[in-house]
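query00.csv follows (CSV, C-alpha atoms):
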```csv
chain,number,residue,atom,x,y,z
A,1,MET,CA,57.2,254.6,55.3
A,2,ILE,CA,53.7,255.3,54.1
A,3,GLU,CA,51.9,258.2,55.5
A,4,LEU,CA,48.2,257.6,55.9
A,5,GLU,CA,47.5,259.9,58.7
A,6,SER,CA,43.8,260.6,58.9
A,7,SER,CA,42.0,263.1,61.0
A,8,LYS,CA,40.6,261.1,63.9
A,9,GLY,CA,36.9,260.7,64.2
A,10,SER,CA,36.2,261.9,60.7
A,11,VAL,CA,32.9,260.6,59.2
A,12,GLU,CA,34.7,258.6,56.5
A,13,LEU,CA,36.9,256.9,59.0
A,14,THR,CA,34.1,255.7,61.3
A,15,ALA,CA,32.0,254.5,58.4
A,16,THR,CA,34.8,252.3,57.2
A,17,THR,CA,34.1,248.5,57.3
A,18,GLU,CA,36.3,246.1,59.2
A,19,ALA,CA,37.6,244.6,56.0
A,20,ASP,CA,38.6,248.1,54.7
A,21,LEU,CA,40.4,248.7,58.0
A,22,VAL,CA,42.4,245.5,57.6
A,23,LEU,CA,43.4,246.6,54.1
A,24,ARG,CA,44.7,249.8,55.5
A,25,ILE,CA,46.5,248.1,58.4
A,26,ALA,CA,48.4,246.1,55.7
A,27,LEU,CA,49.6,249.5,54.5
A,28,ARG,CA,50.8,250.3,58.0
A,29,ASP,CA,48.1,252.7,58.8
A,30,ARG,CA,48.3,253.1,62.6
A,31,ASP,CA,45.0,255.0,62.9
A,32,ALA,CA,43.2,252.1,61.1
A,33,PHE,CA,44.9,249.6,63.4
A,34,GLN,CA,43.7,251.5,66.5
A,35,GLN,CA,40.2,251.8,65.1
A,36,PHE,CA,40.1,248.1,64.2
A,37,TYR,CA,41.2,247.3,67.8
A,38,ASP,CA,38.6,249.6,69.3
A,39,GLN,CA,35.9,248.1,67.2
A,40,THR,CA,36.7,244.4,67.6
A,41,SER,CA,38.7,243.9,70.8
A,42,PRO,CA,35.6,243.8,73.1
A,43,ARG,CA,34.3,240.9,71.0
A,44,ILE,CA,37.7,239.0,71.0
A,45,PHE,CA,38.4,239.7,74.6
A,46,ALA,CA,35.0,238.2,75.5
A,47,LEU,CA,35.9,235.1,73.5
A,48,ALA,CA,39.3,234.9,75.1
A,49,ILE,CA,37.9,235.1,78.6
A,50,LYS,CA,35.3,232.5,77.8
A,51,MET,CA,37.8,230.1,76.3
A,52,LEU,CA,40.7,230.5,78.7
A,53,ARG,CA,38.7,231.4,81.9
A,54,ASN,CA,41.6,233.4,83.0
A,55,ARG,CA,41.6,237.2,82.6
A,56,SER,CA,45.3,237.7,82.6
A,57,ALA,CA,45.8,234.9,80.1
A,58,ALA,CA,43.0,236.5,78.0
A,59,GLU,CA,44.9,239.8,78.0
A,60,GLU,CA,48.0,238.2,76.8
A,61,LEU,CA,46.2,236.4,74.1
A,62,LEU,CA,44.6,239.6,73.0
A,63,GLN,CA,48.1,241.2,72.6
A,64,ASP,CA,49.3,238.2,70.6
A,65,VAL,CA,46.2,238.3,68.4
A,66,TYR,CA,46.5,242.0,67.5
A,67,LEU,CA,50.3,241.8,67.0
A,68,LYS,CA,49.6,239.1,64.5
A,69,VAL,CA,46.9,241.4,62.9
A,70,TRP,CA,49.5,244.2,62.6
A,71,HIS,CA,52.2,242.0,61.1
A,72,SER,CA,50.0,239.8,58.9
A,73,ALA,CA,47.3,242.0,57.7
A,74,SER,CA,48.6,241.7,54.1
A,75,LEU,CA,47.7,238.0,54.3
A,76,TYR,CA,44.0,238.7,54.8
A,77,ARG,CA,41.9,237.8,51.7
A,78,GLU,CA,38.8,239.8,51.6
A,79,ASP,CA,37.3,237.5,48.9
A,80,LYS,CA,37.6,234.5,51.2
A,81,ALA,CA,36.3,235.6,54.5
A,82,SER,CA,35.0,238.5,56.5
A,83,ALA,CA,37.4,240.4,58.7
A,84,ASN,CA,35.5,238.9,61.7
A,85,THR,CA,36.1,235.3,60.4
A,86,TRP,CA,39.8,236.1,59.9
A,87,LEU,CA,40.2,237.6,63.4
A,88,VAL,CA,38.2,235.0,65.2
A,89,THR,CA,40.2,232.3,63.5
A,90,ILE,CA,43.5,233.8,64.7
A,91,ALA,CA,42.1,234.2,68.2
A,92,ARG,CA,40.6,230.7,68.5
A,93,ASN,CA,43.7,229.0,67.0
A,94,ARG,CA,45.8,230.7,69.6
A,95,ALA,CA,43.4,229.9,72.4
A,96,ILE,CA,43.1,226.3,71.4
A,97,ASP,CA,46.9,225.9,71.3
A,98,TRP,CA,47.1,227.5,74.7
A,99,LEU,CA,44.5,225.2,76.1
A,100,ARG,CA,46.1,222.1,74.6
A,101,ALA,CA,49.5,223.0,75.8
A,102,LYS,CA,48.3,223.7,79.3
A,103,ASP,CA,47.7,220.8,81.5
A,104,ASN,CA,44.8,222.3,83.3
A,105,GLN,CA,41.9,220.7,81.6
A,106,SER,CA,40.2,219.2,84.7
A,107,GLU,CA,39.2,222.5,86.2
A,108,ARG,CA,37.5,223.6,83.0
A,109,LEU,CA,35.2,220.6,83.0
A,110,ASP,CA,33.3,221.8,86.0
A,111,SER,CA,30.6,223.8,84.2
A,112,ILE,CA,28.6,223.6,81.1
A,113,PRO,CA,28.9,226.7,79.0
A,114,GLU,CA,26.2,229.2,80.2
A,115,LEU,CA,25.1,229.9,76.7
A,116,ALA,CA,24.2,226.4,75.8
A,117,ASN,CA,20.4,226.5,76.6
A,118,GLU,CA,19.6,230.1,75.6
A,119,PRO,CA,21.5,231.8,72.8
A,120,GLN,CA,21.6,235.5,73.5
A,121,PRO,CA,20.2,237.9,71.0
A,122,LEU,CA,22.9,238.4,68.4
A,123,ALA,CA,24.8,241.7,68.2
A,124,THR,CA,24.7,242.1,64.5
A,125,MET,CA,21.9,242.4,62.0
A,126,ASN,CA,23.5,239.9,59.6
A,127,ASN,CA,23.2,237.0,62.0
A,128,ASP,CA,19.5,236.5,62.2
A,129,SER,CA,19.8,233.4,60.2
A,130,LEU,CA,22.5,232.0,62.5
A,131,GLU,CA,20.4,232.6,65.5
A,132,ALA,CA,17.4,230.9,63.9
A,133,CYS,CA,19.5,228.0,62.8
A,134,LEU,CA,20.9,227.5,66.3
A,135,ARG,CA,17.4,227.2,67.6
A,136,GLN,CA,16.8,224.3,65.2
A,137,LEU,CA,19.4,222.3,67.0
A,138,GLU,CA,18.6,219.8,69.7
A,139,PRO,CA,19.7,221.2,73.1
A,140,GLU,CA,22.3,218.5,73.5
A,141,GLN,CA,23.7,219.2,70.0
A,142,ARG,CA,23.9,223.0,70.8
A,143,GLN,CA,25.5,222.3,74.2
A,144,SER,CA,28.2,220.1,72.7
A,145,ILE,CA,28.9,222.5,69.9
A,146,PHE,CA,29.1,225.4,72.3
A,147,ALA,CA,31.3,223.4,74.7
A,148,ALA,CA,33.8,222.9,71.8
A,149,PHE,CA,33.6,226.4,70.3
A,150,PHE,CA,33.5,228.5,73.4
A,151,ASP,CA,35.3,226.3,75.9
A,152,GLY,CA,37.7,224.7,73.5
A,153,MET,CA,36.8,221.2,74.7
A,154,THR,CA,38.0,218.1,72.8
A,155,HIS,CA,35.7,215.2,71.9
A,156,VAL,CA,37.2,213.3,74.9
A,157,GLU,CA,36.5,216.2,77.3
A,158,ILE,CA,33.0,216.7,76.1
A,159,ALA,CA,32.3,212.9,76.4
A,160,ARG,CA,33.7,212.9,80.0
A,161,HIS,CA,31.7,215.9,80.9
A,162,PHE,CA,28.4,214.5,79.6
A,163,ARG,CA,29.3,211.0,80.9
A,164,GLU,CA,28.7,209.6,77.5
A,165,PRO,CA,30.6,207.4,75.0
A,166,ILE,CA,32.9,209.4,72.8
A,167,GLY,CA,31.2,208.0,69.7
A,168,THR,CA,27.8,209.4,70.8
A,169,VAL,CA,29.3,212.8,71.3
A,170,LYS,CA,31.1,212.7,67.9
A,171,SER,CA,28.0,211.8,66.0
A,172,ARG,CA,25.9,214.3,67.9
A,173,ILE,CA,28.2,217.1,67.0
A,174,ARG,CA,28.4,215.9,63.4
A,175,ARG,CA,24.6,215.9,63.1
A,176,GLY,CA,24.4,219.3,64.7
A,177,LEU,CA,26.9,220.8,62.3
A,178,LYS,CA,25.1,219.2,59.4
A,179,THR,CA,21.8,220.8,60.5
A,180,LEU,CA,23.6,224.1,60.9
A,181,GLN,CA,25.2,223.8,57.5
A,182,GLY,CA,22.0,222.9,55.8
A,183,CYS,CA,20.1,225.7,57.6
A,184,LEU,CA,22.7,228.4,56.8
A,185,GLY,CA,22.9,227.1,53.2
A,186,LEU,CA,26.7,227.1,53.1
B,187,MET,CA,43.0,207.7,57.1
B,188,LYS,CA,41.7,208.0,53.6
B,189,TYR,CA,41.9,211.8,53.2
B,190,GLU,CA,40.9,211.6,49.6
B,191,ASN,CA,37.3,210.9,50.8
B,192,PRO,CA,35.7,214.4,50.6
B,193,ALA,CA,33.1,213.6,53.2
B,194,LEU,CA,35.7,212.5,55.7
B,195,LEU,CA,37.9,215.5,54.9
B,196,ASP,CA,34.9,217.8,55.4
B,197,GLN,CA,34.2,216.2,58.8
B,198,LEU,CA,37.8,216.5,59.9
B,199,ALA,CA,37.8,220.1,58.8
B,200,SER,CA,34.7,220.8,60.8
B,201,GLU,CA,36.2,219.1,63.9
B,202,TYR,CA,39.5,221.0,63.4
B,203,VAL,CA,37.7,224.4,63.2
B,204,LEU,CA,35.4,223.6,66.0
B,205,GLY,CA,38.4,222.6,68.1
B,206,THR,CA,37.4,219.1,69.2
B,207,LEU,CA,40.5,217.3,67.9
B,208,SER,CA,43.2,216.4,70.4
B,209,ALA,CA,46.5,218.2,70.2
B,210,LEU,CA,48.1,215.3,68.2
B,211,ALA,CA,45.2,215.0,65.7
B,212,ARG,CA,45.2,218.8,65.3
B,213,ARG,CA,48.9,218.9,64.4
B,214,ARG,CA,48.3,216.0,62.0
B,215,PHE,CA,45.5,217.8,60.2
B,216,GLU,CA,47.6,221.0,60.0
B,217,ARG,CA,50.4,219.0,58.3
B,218,LEU,CA,47.8,217.6,55.8
B,219,MET,CA,46.7,221.2,55.1
B,220,GLN,CA,50.2,222.1,54.0
B,221,HIS,CA,49.9,219.9,50.9
B,222,GLU,CA,46.2,219.3,50.5
B,223,PRO,CA,44.3,222.3,49.0
B,224,ALA,CA,40.9,220.6,49.5
B,225,ALA,CA,41.6,220.4,53.3
B,226,VAL,CA,42.4,224.2,53.3
B,227,ALA,CA,39.2,224.9,51.3
B,228,ALA,CA,37.1,222.8,53.7
B,229,VAL,CA,38.6,224.5,56.7
B,230,GLU,CA,38.0,228.0,55.3
B,231,LYS,CA,34.3,227.0,54.6
B,232,TRP,CA,33.9,226.0,58.3
B,233,GLN,CA,35.6,229.0,59.6
B,234,VAL,CA,33.1,231.2,57.7
B,235,GLU,CA,30.3,229.1,59.0
B,236,LEU,CA,31.2,229.1,62.7
B,237,SER,CA,33.0,232.3,63.4
B,238,ASP,CA,29.9,234.4,63.8
B,239,LEU,CA,29.0,232.4,66.9
B,240,THR,CA,31.3,234.8,68.6
B,241,TYR,CA,28.6,237.5,68.3
B,242,LEU,CA,26.6,235.5,70.9
B,243,LEU,CA,28.9,236.6,73.7
B,244,PRO,CA,28.3,239.9,75.5
B,245,GLU,CA,31.2,242.1,74.6
B,246,GLU,CA,33.8,242.8,77.3
B,247,LYS,CA,36.0,245.9,77.0
B,248,PRO,CA,39.7,245.1,77.7
B,249,PRO,CA,41.6,247.3,80.1
B,250,ALA,CA,43.5,250.2,78.5
B,251,ARG,CA,46.9,248.7,79.4
B,252,VAL,CA,46.4,246.0,76.7
B,253,TRP,CA,46.3,248.5,73.9
B,254,ARG,CA,49.3,250.3,75.4
B,255,ASP,CA,51.3,247.1,75.4
B,256,ILE,CA,50.2,246.2,71.8
B,257,GLU,CA,51.2,249.7,70.6
B,258,ALA,CA,54.6,249.5,72.3
B,259,ARG,CA,55.3,246.1,70.8
B,260,ALA,CA,53.8,246.6,67.3
B,261,PHE,CA,55.5,249.9,66.6
B,262,ARG,CA,58.9,248.8,67.9
B,263,LYS,CA,61.5,248.7,65.0
B,264,ARG,CA,62.0,245.2,63.6
B,265,PRO,CA,65.4,244.0,62.6
B,266,ALA,CA,66.0,245.0,58.9
B,267,SER,CA,67.4,241.6,58.1
B,268,SER,CA,64.2,239.8,58.8
B,269,ARG,CA,62.2,241.5,56.1
B,270,LEU,CA,62.6,242.3,52.5
B,271,HIS,CA,61.3,245.6,51.6
B,272,VAL,CA,60.3,246.7,48.1
B,273,ALA,CA,59.1,250.2,48.1
B,274,TRP,CA,57.2,252.0,45.4
B,275,THR,CA,58.5,255.5,45.3
B,276,ALA,CA,55.9,257.9,44.3
B,277,PHE,CA,56.0,260.7,41.9
B,278,ALA,CA,52.8,262.5,41.5
B,279,THR,CA,51.9,264.3,38.4
B,280,LEU,CA,50.5,267.2,40.3
B,281,GLY,CA,48.5,269.8,38.6
B,282,PHE,CA,45.6,267.7,37.4
B,283,PHE,CA,43.9,267.0,40.7
B,284,GLY,CA,46.8,267.8,43.0
B,285,LEU,CA,46.7,264.2,44.0
B,286,LEU,CA,49.7,262.4,45.4
B,287,LEU,CA,50.3,258.7,44.9
B,288,THR,CA,51.9,256.9,47.8
B,289,GLN,CA,52.7,253.3,47.5
B,290,PHE,CA,54.2,250.9,49.8
B,291,LEU,CA,54.6,247.2,49.9
B,292,THR,CA,56.2,244.8,52.3
B,293,ILE,CA,57.0,241.2,51.7
B,294,PRO,CA,57.2,239.4,55.0
B,295,GLY,CA,60.0,237.0,55.8
B,296,VAL,CA,60.6,233.5,54.6
B,297,ALA,CA,58.2,231.8,56.9
B,298,ARG,CA,55.2,232.9,54.9
B,299,PRO,CA,53.6,230.2,52.7
B,300,PRO,CA,54.2,230.9,49.0
B,301,SER,CA,50.5,231.2,48.3
B,302,ASP,CA,50.3,234.3,50.4
B,303,LEU,CA,52.2,236.9,48.6
B,304,PRO,CA,49.8,239.7,47.9
B,305,LEU,CA,51.7,242.8,47.0
B,306,LYS,CA,49.7,245.8,48.1
B,307,VAL,CA,49.8,249.3,46.8
B,308,SER,CA,47.6,252.2,48.0
B,309,PHE,CA,46.8,255.4,46.1
B,310,VAL,CA,46.4,258.3,48.5
B,311,ASN,CA,44.8,261.6,48.1
B,312,GLU,CA,47.1,264.1,49.8
B,313,ALA,CA,44.3,266.3,50.8
B,314,ASP,CA,42.5,263.9,53.2
B,315,SER,CA,44.8,260.9,53.2
B,316,GLU,CA,41.9,258.5,52.6
B,317,PRO,CA,43.2,255.9,50.2
B,318,LEU,CA,41.6,256.1,46.8
B,319,TRP,CA,42.3,252.6,45.8
B,320,VAL,CA,44.1,249.6,47.2
B,321,VAL,CA,45.7,247.4,44.6
B,322,SER,CA,47.0,243.9,45.5
B,323,LEU,CA,48.8,241.5,43.3
B,324,ASP,CA,49.2,237.8,44.2
B,325,LEU,CA,52.4,236.6,42.5
B,326,ASP,CA,51.4,233.0,42.9
B,327,THR,CA,48.0,233.1,41.2
B,328,GLY,CA,48.6,236.1,39.1
B,329,LYS,CA,45.4,237.7,40.5
B,330,LEU,CA,45.3,241.4,40.5
B,331,ARG,CA,42.6,243.0,42.7
B,332,THR,CA,41.8,246.6,42.7
B,333,LYS,CA,39.4,248.0,45.3
B,334,ALA,CA,38.1,251.5,45.4
B,335,ILE,CA,38.2,252.9,48.9
B,336,SER,CA,37.3,256.5,48.4
B,337,ALA,CA,37.7,256.9,44.6
B,338,SER,CA,34.7,258.1,42.8
B,339,ALA,CA,34.0,258.6,39.1
B,340,GLU,CA,35.7,261.6,37.5
B,341,ALA,CA,32.8,262.0,35.0
B,342,ALA,CA,30.1,259.8,33.6
B,343,ASP,CA,32.0,259.3,30.3
B,344,LYS,CA,35.5,258.9,31.9
B,345,ALA,CA,37.3,256.0,33.5
B,346,TYR,CA,40.6,255.5,35.4
B,347,GLU,CA,42.9,253.1,33.7
B,348,LEU,CA,45.9,251.4,35.4
B,349,TRP,CA,49.1,251.0,33.4
B,350,MET,CA,52.3,249.1,33.9
B,351,LEU,CA,55.4,250.8,32.5
B,352,PRO,CA,57.7,248.1,31.2
B,353,ASN,CA,61.4,248.6,30.9
B,354,GLU,CA,61.1,248.7,27.1
B,355,GLY,CA,58.1,249.4,24.9
B,356,ASN,CA,54.7,250.9,25.4
B,357,PRO,CA,52.8,250.9,28.7
B,358,ARG,CA,50.6,247.8,29.1
B,359,SER,CA,47.1,248.2,30.4
B,360,LEU,CA,46.3,246.4,33.7
B,361,GLY,CA,42.6,247.2,33.3
B,362,LEU,CA,40.2,249.9,34.5
B,363,LEU,CA,40.2,250.9,38.1
B,364,PRO,CA,36.9,250.6,40.0
B,365,VAL,CA,35.0,253.5,41.7
B,366,ASN,CA,32.5,253.9,44.5
B,367,GLY,CA,33.6,251.0,46.7
B,368,ALA,CA,33.7,248.4,43.9
B,369,THR,CA,36.3,245.7,43.5
B,370,ASN,CA,37.8,244.5,40.2
B,371,GLU,CA,39.7,241.3,39.8
B,372,SER,CA,41.7,240.0,36.9
B,373,THR,CA,44.3,237.2,36.4
B,374,PHE,CA,47.6,237.7,34.5
B,375,SER,CA,49.9,235.3,32.8
B,376,PRO,CA,53.3,234.4,34.4
B,377,ALA,CA,55.0,236.3,31.6
B,378,LEU,CA,53.1,239.5,32.4
B,379,LEU,CA,53.7,239.1,36.1
B,380,GLU,CA,57.4,238.9,35.4
B,381,LEU,CA,57.1,242.1,33.4
B,382,ILE,CA,55.3,243.8,36.2
B,383,GLN,CA,57.9,242.8,38.8
B,384,ASN,CA,60.7,244.1,36.5
B,385,SER,CA,58.8,247.2,35.4
B,386,GLN,CA,59.6,250.8,36.0
B,387,GLY,CA,56.3,251.2,37.8
B,388,LEU,CA,52.7,251.9,37.5
B,389,ALA,CA,50.6,254.8,36.1
B,390,VAL,CA,47.0,255.9,36.2
B,391,SER,CA,45.4,257.8,33.3
B,392,ILE,CA,42.0,259.2,32.6
B,393,GLU,CA,40.4,257.5,29.6
B,394,PRO,CA,37.1,257.4,27.9
B,395,SER,CA,34.6,255.0,29.6
B,396,GLY,CA,35.5,251.5,28.5
B,397,GLY,CA,39.2,252.4,28.5
B,398,SER,CA,41.8,253.6,26.1
B,399,PRO,CA,40.7,253.0,22.5
B,400,THR,CA,44.3,252.7,21.2
B,401,GLY,CA,45.9,250.4,23.8
B,402,VAL,CA,48.2,253.1,25.1
B,403,PRO,CA,47.3,256.0,27.4
B,404,THR,CA,45.4,258.7,25.6
B,405,GLY,CA,44.2,260.9,28.5
B,406,PRO,CA,46.2,262.8,31.1
B,407,VAL,CA,48.4,260.6,33.3
B,408,VAL,CA,47.4,261.6,36.8
B,409,TYR,CA,49.8,259.3,38.7
B,410,GLN,CA,53.1,257.7,37.9
B,411,SER,CA,55.5,255.7,40.1
B,412,SER,CA,58.8,253.9,39.9
B,413,LEU,CA,59.7,250.7,41.5
B,414,ILE,CA,62.9,250.6,43.6
B,415,ASN,CA,64.5,247.6,45.4
B,416,LEU,CA,65.8,248.7,48.8
```

Is it possible to give me this structure as structure tokens?
Amino acid sequence: MIELESSKGSVELTATTEADLVLRIALRDRDAFQQFYDQTSPRIFALAIKMLRNRSAAEELLQDVYLKVWHSASLYREDKASANTWLVTIARNRAIDWLRAKDNQSERLDSIPELANEPQPLATMNNDSLEACLRQLEPEQRQSIFAAFFDGMTHVEIARHFREPIGTVKSRIRRGLKTLQGCLGL
Amino acid sequence: MKYENPALLDQLASEYVLGTLSALARRRFERLMQHEPAAVAAVEKWQVELSDLTYLLPEEKPPARVWRDIEARAFRKRPASSRLHVAWTAFATLGFFGLLLTQFLTIPGVARPPSDLPLKVSFVNEADSEPLWVVSLDLDTGKLRTKAISASAEAADKAYELWMLPNEGNPRSLGLLPVNGATNESTFSPALLELIQNSQGLAVSIEPSGGSPTGVPTGPVVYQSSLINL
């Protein structure tokens, strides 16, 4: 097996980007794996708790996500997406599958996502534009997009929650995403 | 559904990524992605666009037991039959920089889609174990990517050149290696890919900036490796 032992806490190691860490995880570098986990798991755990609303299920999800990271890091394409995008996609896909498989949707319809009205200041410098773009959305558009992204709600669930026809919800989300897309210039 | 309509495809991709599709519609779209590259491209675009929303959430540190369980499960030995290993055995030409080349590549099992076959190789400096370069080769697209992790230029008028050592004939250049965090990318023909897979290995030499003027290594070969099927 490859030996990529690095002295823990070295300046070079802490300065490594998340994408570089994933490249090193693909080479079975355990230190890189632990550093990647330490750096990213608080973000992914917050997402898992928000989506699943169940701490122990969120812990299980976190395990599944990072095992997938360990075994599939060689599939990561740095030229296609950031390491955050790759990781969030793995986590959300798992969470959505868990939610769809579980017949417990009704209890999750009780509350609107807390973030819907007031996006928090973003944690990274690179996301000023995203925050500004979110503020361009109508509150209902933002609420619906957040209900889908953070709570994993389907069109049907969001429509039921807002007591609106499904077509209204669909076109509201579509318009919101279009605004977001135009604003972010993607 | 008329999936050939780009606007509709884009809309479905956004709904798939956002997660608003029912379980059934979700599975249907995943089946479509298996044979529709445009659907995959649209999904990837929306993933990039939406994933940073995650930064809105206040972070939450998971309990220590989660990492302990991950470690225990990740580093457990996997059954050998489930994976095909191809190892690059390293032979360092010591004495120039005292550098050691360590290479390793793992091709996961049969479940992997054929488009995801990057072979990865790392070049490691023995002294601090920080990879110098990571080289990945996608056998489907023929794309070779070389990324400098900690490699820096040897001298202003020198360059590192990567070579493939075929079973017969002279080494073939695979291009110059980047330095200072840069990434190079080039695409090779299927014929050359086949040569690489059946080659004796890779080598790195130091050449004048711009690469070897003769088409074969002219400077000192600082790394050499052989390819062995296990």

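Every protein, DNA or RNA residue with an atom at most 10 Å from Pro42 (chain A), where only C-alpha atoms count and chain neighbours fewer than 5 positions away do not, is listed here: Tyr37, Leu47, Ala48 and Leu62 of chain A; Leu243, Pro244, Glu245, Glu246, Lys247, Pro248 and Pro249 of chain B.
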
For a test of reading the model, state the distance in Å between CA of Ser56 (chain A) and CA of Asn84 (chain A), rounded to one decimal.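 For CA of Ser56 (chain A) relative to CA of Asn84 (chain A), the distance reads 23.1 Å.
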
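In this structure, CA of Arg28 (chain A) sits 9.0 Å away from CA of Ala73 (chain A).
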
Specify as a ChimeraX atom specification all residues of chain B found within 6 Å of chain A, counting all atoms listed in the file. /B:204-209,234,237,241-242,245-247,256,260,302,315

Enter the distance from CA of Val408 (chain B) to CA of Thr327 (chain B), in Å, rounded to one decimal.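 CA of Thr327 (chain B) lies at a distance of 28.8 Å from CA of Val408 (chain B).
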
Give me the residues within 9 Å of Ala339 (chain B) as a list in words, counting only C-alpha atoms and dropping any in the same chain fewer than 2 places off. Ala337, Ala341, Ala342, Lys344, Ala345, Tyr346, Pro364, Val365 and Asn366 of chain B
